[in-house]
Amino acid sequence: MKILAIESSCDETACAVVEDGVNVLSNIVATQIAEHRLYGGVVPEIASRRHAESISQVVSKALADASCTLDDVDAIAVTYAPGLIGALLVGISFAKGLALSSGKPLIPVHHIAGHIAANYISHPDLEPPYLCLVVSGGHSHIVEVLDRTRYRVVGRTHDDAAGECFDKVARTLGYEYPGGKFIDKASKIGNANAFRFPHPKVDGCEYDFSFSGLKTAVINLVHNSVQKGTELVREDVAASFQRTVCEILVGKTMKAAEDLGYKTIALAGGVSANTGVRDALQSACDDRRLTLYMPELRYCGDNAAMIGCQGYFDYLAGKRADQSLNGIATLSLEKISE
Ligand code: KG4
Ligand code: ZN
């Protein structure tokens with residue numbers, strides 16, 4: 001079964017053709033990052049306009065790369081939540097148009113479910129149940145993946161998402177938006193033991209995260225050094241910060257795995273591209289004889305192949321949308337598991 005998938009929830013206009021969930025026939029991602037970089041973050045109005053300008057070409061290219069026409073496709077999948085509402089609506093409207101004109105079924109896909117599904121593309125042997133650490137620009141969750149379409153969120157952030165924290169710290173250190181990958185790069189040459197940053201205390205669930213205290217600690221360190229005129233090696237700050245994030249993410253995930261009895265762990269979301277997070281999680285899993293699955297780097301960030309993959313499993317589970325499908329800015333994984 002071939003699915004044409006569309007993703008436009010943030011600043012990438014993406015389309016893919018995916019066969020039987022895991023066979024990616026094409027995967028086109030048109031990024032708008034260069035333009036948003038001028039403003040230090042994603043400008044929702046610009047994102048919607050750029051999606052509207054490029055979606056038609058992106059979809060045509062995805063079909064051409066897969067040597068397909070719309071006739072060869074069996075269903076249309078589209079990200080409908082969560083995300084920037086204006087951005088989501090561009091993909092949804094285009095997908096609805098394709099479904100209406102072709103008479104093919106329309107499958108609504110949750111963006112975070114898509115990030116988790118990126119693991120099935122890279123590792124078709126991965127079978128739920130497993131525990132997934134989801135870390136992206138907008139979300140930080142520890143999720144029990146009960147089956148391919150049902151989830152229980154056991155940990156979540158009380159403030160910033162991990163990626164958001166990476167980007168804000170990067171900005172303070174003078175790196176371009178989105179700065180996560182520059183922190184990653186700097187960490188390879190910096191001294192990760194140069195600074196001690198706090199592990200924030202979180203009230204409530206012990207698997208929950210809080211990154212705003214860590215972010216503030218780094219910002220204060222940088223501002224104090226500017227005021228005092230002392231020199232700070234930014235690679236050392238980056239490496240010490242990244243080490244702290246890794247300790248927090250890995251510590252909570254391992255605790256949840258132990259308490260809940262999971263032997264299989266997965267990683268997902270844009271921050272899953274981070275070398276430090278990948279290495280730290282891998283060695284923690286090796287120490288405990290847990291099996292870890294991580295997406296290939298090309299499926300870590302936003303893309304439509306992951307939406308086509310999840311769309312396939314959603315299709316098998318009977319999920320369909322009609323022409324009344326709307327975008328939803330905030331929607332938990334648990335809501336779609338009811
Ligand atoms: O999943 P994603 O592409 O978009 C959302 O759904 O939010 O995640 C984007 C986030 C950004 O914050 C970006 O800085 C971060 O992922 N990111 C990284 C790395 N590559 C991307 N963070 C740390 N290290 C990286 N190598
Ligand atoms: Zn994402």
# chains A, B, ... in the order shown; residues from 1 in each chain; ligands from 1

$ residues_near_ligand --ligand "ligand 2" --cutoff "6 Å" --atoms "only C-alpha atoms and all ligand atoms" --output "ChimeraX atom specification"
/A:136,269,302

$ residues_near_ligand --ligand "ligand 1" --cutoff "6 Å" --atoms "only C-alpha atoms and all ligand atoms" --output "PyMOL selection string"
chain A and resi 136-138+163-164+166-167+178-181+184+269-271+273-274+301-302

$ select_by_dssp --residues "segment 15-253 of chain A" --states "strand (DSSP E)" --output "JSON list (two decimals) with C-alpha atoms, in the first residue's frame"
[["chain", "number", "residue", "atom", "x", "y", "z"],
["A", 15, "CYS", "CA", 6.04, 15.34, 1.34],
["A", 16, "ALA", "CA", 6.91, 11.65, 1.02],
["A", 17, "VAL", "CA", 5.64, 8.51, -0.64],
["A", 18, "VAL", "CA", 5.90, 5.51, 1.69],
["A", 19, "GLU", "CA", 5.05, 1.92, 0.81],
["A", 23, "ASN", "CA", 9.61, 1.51, 2.56],
["A", 24, "VAL", "CA", 10.37, 5.17, 1.79],
["A", 25, "LEU", "CA", 10.06, 5.73, -1.98],
["A", 26, "SER", "CA", 10.65, 9.48, -1.78],
["A", 27, "ASN", "CA", 11.16, 12.06, 0.95],
["A", 28, "ILE", "CA", 11.23, 15.77, 0.11],
["A", 29, "VAL", "CA", 11.84, 18.42, 2.78],
["A", 30, "ALA", "CA", 11.83, 22.12, 1.84],
["A", 31, "THR", "CA", 13.15, 24.02, 4.83],
["A", 75, "ALA", "CA", -4.23, 7.03, 0.57],
["A", 76, "ILE", "CA", -3.26, 10.54, 1.66],
["A", 77, "ALA", "CA", -1.84, 11.10, 5.16],
["A", 78, "VAL", "CA", -1.41, 14.53, 6.72],
["A", 79, "THR", "CA", -0.18, 15.99, 10.01],
["A", 80, "TYR", "CA", -3.20, 17.65, 11.68],
["A", 81, "ALA", "CA", -1.79, 18.24, 15.21],
["A", 106, "LEU", "CA", -7.55, 10.77, 4.10],
["A", 107, "ILE", "CA", -5.59, 9.77, 7.25],
["A", 108, "PRO", "CA", -5.03, 12.34, 10.04],
["A", 109, "VAL", "CA", -1.61, 11.86, 11.71],
["A", 110, "HIS", "CA", -0.35, 13.21, 15.05],
["A", 130, "TYR", "CA", 8.48, -0.03, 24.51],
["A", 131, "LEU", "CA", 9.40, 3.20, 26.27],
["A", 132, "CYS", "CA", 10.18, 6.22, 24.07],
["A", 133, "LEU", "CA", 12.01, 9.42, 24.99],
["A", 134, "VAL", "CA", 10.57, 12.11, 22.70],
["A", 135, "VAL", "CA", 12.65, 15.29, 22.55],
["A", 140, "SER", "CA", 9.77, 16.58, 25.82],
["A", 141, "HIS", "CA", 7.98, 13.40, 26.83],
["A", 142, "ILE", "CA", 8.63, 9.95, 28.17],
["A", 143, "VAL", "CA", 6.00, 7.82, 26.46],
["A", 144, "GLU", "CA", 4.86, 4.25, 26.90],
["A", 145, "VAL", "CA", 4.17, 3.07, 23.36],
["A", 146, "LEU", "CA", 1.49, 0.45, 24.05],
["A", 147, "ASP", "CA", 1.01, -0.50, 20.43],
["A", 150, "ARG", "CA", -1.81, 3.95, 21.44],
["A", 151, "TYR", "CA", 0.34, 5.79, 23.94],
["A", 152, "ARG", "CA", 0.57, 6.66, 27.63],
["A", 153, "VAL", "CA", 2.61, 9.75, 28.53],
["A", 154, "VAL", "CA", 4.40, 9.12, 31.83],
["A", 155, "GLY", "CA", 6.71, 12.15, 31.86],
["A", 156, "ARG", "CA", 6.49, 15.63, 30.39]]

$ residues_around --residues "segment 233-235 of chain A" --least-positions-apart "2" --cutoff "12 Å" --atoms "only C-alpha atoms" --output "number ranges by chain"
A: 169-175, 182-195, 218-219, 221-222, 225-226, 230-231, 237-242

$ residues_around --residues "Val73 of chain A" --least-positions-apart "3" --cutoff "12 Å" --atoms "only C-alpha atoms" --output "ChimeraX atom specification"
/A:1-5,16-20,25,62-63,66-70,76-77,98-99,102-106,308

$ write_last_selection --atoms "N, CA, C and O atoms" --output "JSON list (two decimals), in the first residue's frame"
[["chain", "number", "residue", "atom", "x", "y", "z"],
["A", 1, "MET", "N", 0.84, -1.20, 0.00],
["A", 1, "MET", "CA", 0.00, 0.00, 0.00],
["A", 1, "MET", "C", 0.88, 1.26, 0.00],
["A", 1, "MET", "O", 1.77, 1.39, 0.84],
["A", 2, "LYS", "N", 0.60, 2.19, -0.95],
["A", 2, "LYS", "CA", 1.39, 3.41, -1.03],
["A", 2, "LYS", "C", 0.63, 4.59, -0.42],
["A", 2, "LYS", "O", -0.54, 4.82, -0.74],
["A", 3, "ILE", "N", 1.32, 5.32, 0.46],
["A", 3, "ILE", "CA", 0.71, 6.50, 1.09],
["A", 3, "ILE", "C", 1.50, 7.74, 0.70],
["A", 3, "ILE", "O", 2.74, 7.75, 0.79],
["A", 4, "LEU", "N", 0.77, 8.76, 0.26],
["A", 4, "LEU", "CA", 1.38, 10.07, 0.04],
["A", 4, "LEU", "C", 1.19, 10.85, 1.35],
["A", 4, "LEU", "O", 0.05, 11.00, 1.80],
["A", 5, "ALA", "N", 2.29, 11.30, 1.95],
["A", 5, "ALA", "CA", 2.18, 11.96, 3.26],
["A", 5, "ALA", "C", 2.65, 13.40, 3.18],
["A", 5, "ALA", "O", 3.63, 13.71, 2.49],
["A", 16, "ALA", "N", 6.23, 12.92, 1.26],
["A", 16, "ALA", "CA", 6.91, 11.65, 1.02],
["A", 16, "ALA", "C", 5.92, 10.65, 0.46],
["A", 16, "ALA", "O", 4.71, 10.78, 0.66],
["A", 17, "VAL", "N", 6.45, 9.66, -0.26],
["A", 17, "VAL", "CA", 5.64, 8.51, -0.64],
["A", 17, "VAL", "C", 6.25, 7.31, 0.08],
["A", 17, "VAL", "O", 7.45, 7.05, -0.03],
["A", 18, "VAL", "N", 5.42, 6.62, 0.86],
["A", 18, "VAL", "CA", 5.90, 5.51, 1.69],
["A", 18, "VAL", "C", 5.07, 4.27, 1.39],
["A", 18, "VAL", "O", 3.83, 4.33, 1.40],
["A", 19, "GLU", "N", 5.75, 3.16, 1.13],
["A", 19, "GLU", "CA", 5.05, 1.92, 0.81],
["A", 19, "GLU", "C", 5.03, 1.00, 2.04],
["A", 19, "GLU", "O", 6.08, 0.79, 2.66],
["A", 20, "ASP", "N", 3.86, 0.49, 2.36],
["A", 20, "ASP", "CA", 3.68, -0.45, 3.48],
["A", 20, "ASP", "C", 4.35, 0.03, 4.77],
["A", 20, "ASP", "O", 4.95, -0.76, 5.52],
["A", 25, "LEU", "N", 9.79, 5.62, -0.54],
["A", 25, "LEU", "CA", 10.06, 5.73, -1.98],
["A", 25, "LEU", "C", 10.56, 7.12, -2.34],
["A", 25, "LEU", "O", 11.28, 7.30, -3.31],
["A", 62, "ALA", "N", 7.85, 14.89, -4.77],
["A", 62, "ALA", "CA", 7.79, 13.62, -4.03],
["A", 62, "ALA", "C", 7.18, 12.53, -4.91],
["A", 62, "ALA", "O", 7.66, 11.39, -4.92],
["A", 63, "LEU", "N", 6.13, 12.87, -5.67],
["A", 63, "LEU", "CA", 5.52, 11.88, -6.58],
["A", 63, "LEU", "C", 6.51, 11.49, -7.67],
["A", 63, "LEU", "O", 6.69, 10.30, -7.97],
["A", 66, "ALA", "N", 9.30, 9.25, -6.54],
["A", 66, "ALA", "CA", 8.83, 7.89, -6.27],
["A", 66, "ALA", "C", 8.35, 7.20, -7.55],
["A", 66, "ALA", "O", 7.84, 6.08, -7.50],
["A", 67, "SER", "N", 8.53, 7.90, -8.70],
["A", 67, "SER", "CA", 8.06, 7.41, -10.01],
["A", 67, "SER", "C", 6.57, 7.05, -9.94],
["A", 67, "SER", "O", 6.15, 5.99, -10.41],
["A", 68, "CYS", "N", 5.80, 7.94, -9.33],
["A", 68, "CYS", "CA", 4.36, 7.72, -9.14],
["A", 68, "CYS", "C", 3.55, 8.87, -9.71],
["A", 68, "CYS", "O", 4.07, 9.98, -9.86],
["A", 69, "THR", "N", 2.27, 8.60, -9.91],
["A", 69, "THR", "CA", 1.29, 9.68, -10.07],
["A", 69, "THR", "C", 0.31, 9.50, -8.92],
["A", 69, "THR", "O", 0.38, 8.48, -8.20],
["A", 70, "LEU", "N", -0.60, 10.44, -8.80],
["A", 70, "LEU", "CA", -1.59, 10.34, -7.72],
["A", 70, "LEU", "C", -2.41, 9.04, -7.85],
["A", 70, "LEU", "O", -2.84, 8.45, -6.86],
["A", 76, "ILE", "N", -3.97, 9.29, 1.37],
["A", 76, "ILE", "CA", -3.26, 10.54, 1.66],
["A", 76, "ILE", "C", -3.19, 10.68, 3.18],
["A", 76, "ILE", "O", -4.24, 10.63, 3.84],
["A", 77, "ALA", "N", -1.98, 10.87, 3.72],
["A", 77, "ALA", "CA", -1.84, 11.10, 5.16],
["A", 77, "ALA", "C", -1.36, 12.53, 5.37],
["A", 77, "ALA", "O", -0.59, 13.05, 4.56],
["A", 98, "LEU", "N", -6.44, 16.89, -2.43],
["A", 98, "LEU", "CA", -5.98, 15.67, -3.13],
["A", 98, "LEU", "C", -6.94, 14.51, -2.89],
["A", 98, "LEU", "O", -7.28, 13.76, -3.81],
["A", 99, "ALA", "N", -7.38, 14.38, -1.61],
["A", 99, "ALA", "CA", -8.29, 13.27, -1.27],
["A", 99, "ALA", "C", -9.62, 13.42, -1.99],
["A", 99, "ALA", "O", -10.17, 12.46, -2.52],
["A", 102, "SER", "N", -9.23, 12.84, -5.84],
["A", 102, "SER", "CA", -8.85, 11.48, -6.25],
["A", 102, "SER", "C", -9.77, 10.41, -5.68],
["A", 102, "SER", "O", -9.72, 9.26, -6.10],
["A", 103, "GLY", "N", -10.57, 10.79, -4.68],
["A", 103, "GLY", "CA", -11.45, 9.81, -4.04],
["A", 103, "GLY", "C", -10.70, 8.86, -3.12],
["A", 103, "GLY", "O", -11.22, 7.83, -2.70],
["A", 104, "LYS", "N", -9.44, 9.21, -2.76],
["A", 104, "LYS", "CA", -8.66, 8.32, -1.88],
["A", 104, "LYS", "C", -8.90, 8.67, -0.42],
["A", 104, "LYS", "O", -9.21, 9.83, -0.09],
["A", 105, "PRO", "N", -8.71, 7.70, 0.48],
["A", 105, "PRO", "CA", -8.93, 7.99, 1.90],
["A", 105, "PRO", "C", -7.92, 8.99, 2.45],
["A", 105, "PRO", "O", -6.78, 9.05, 1.99],
["A", 106, "LEU", "N", -8.38, 9.76, 3.45],
["A", 106, "LEU", "CA", -7.55, 10.77, 4.10],
["A", 106, "LEU", "C", -7.27, 10.29, 5.53],
["A", 106, "LEU", "O", -8.18, 9.91, 6.26],
["A", 308, "GLY", "N", 4.09, 9.32, 6.79],
["A", 308, "GLY", "CA", 3.61, 8.24, 5.93],
["A", 308, "GLY", "C", 3.67, 6.90, 6.65],
["A", 308, "GLY", "O", 2.79, 6.05, 6.50]]

$ residues_around --residues "Arg288 of chain A" --least-positions-apart "4" --cutoff "9 Å" --atoms "only C-alpha atoms" --output "count of residues only"
4
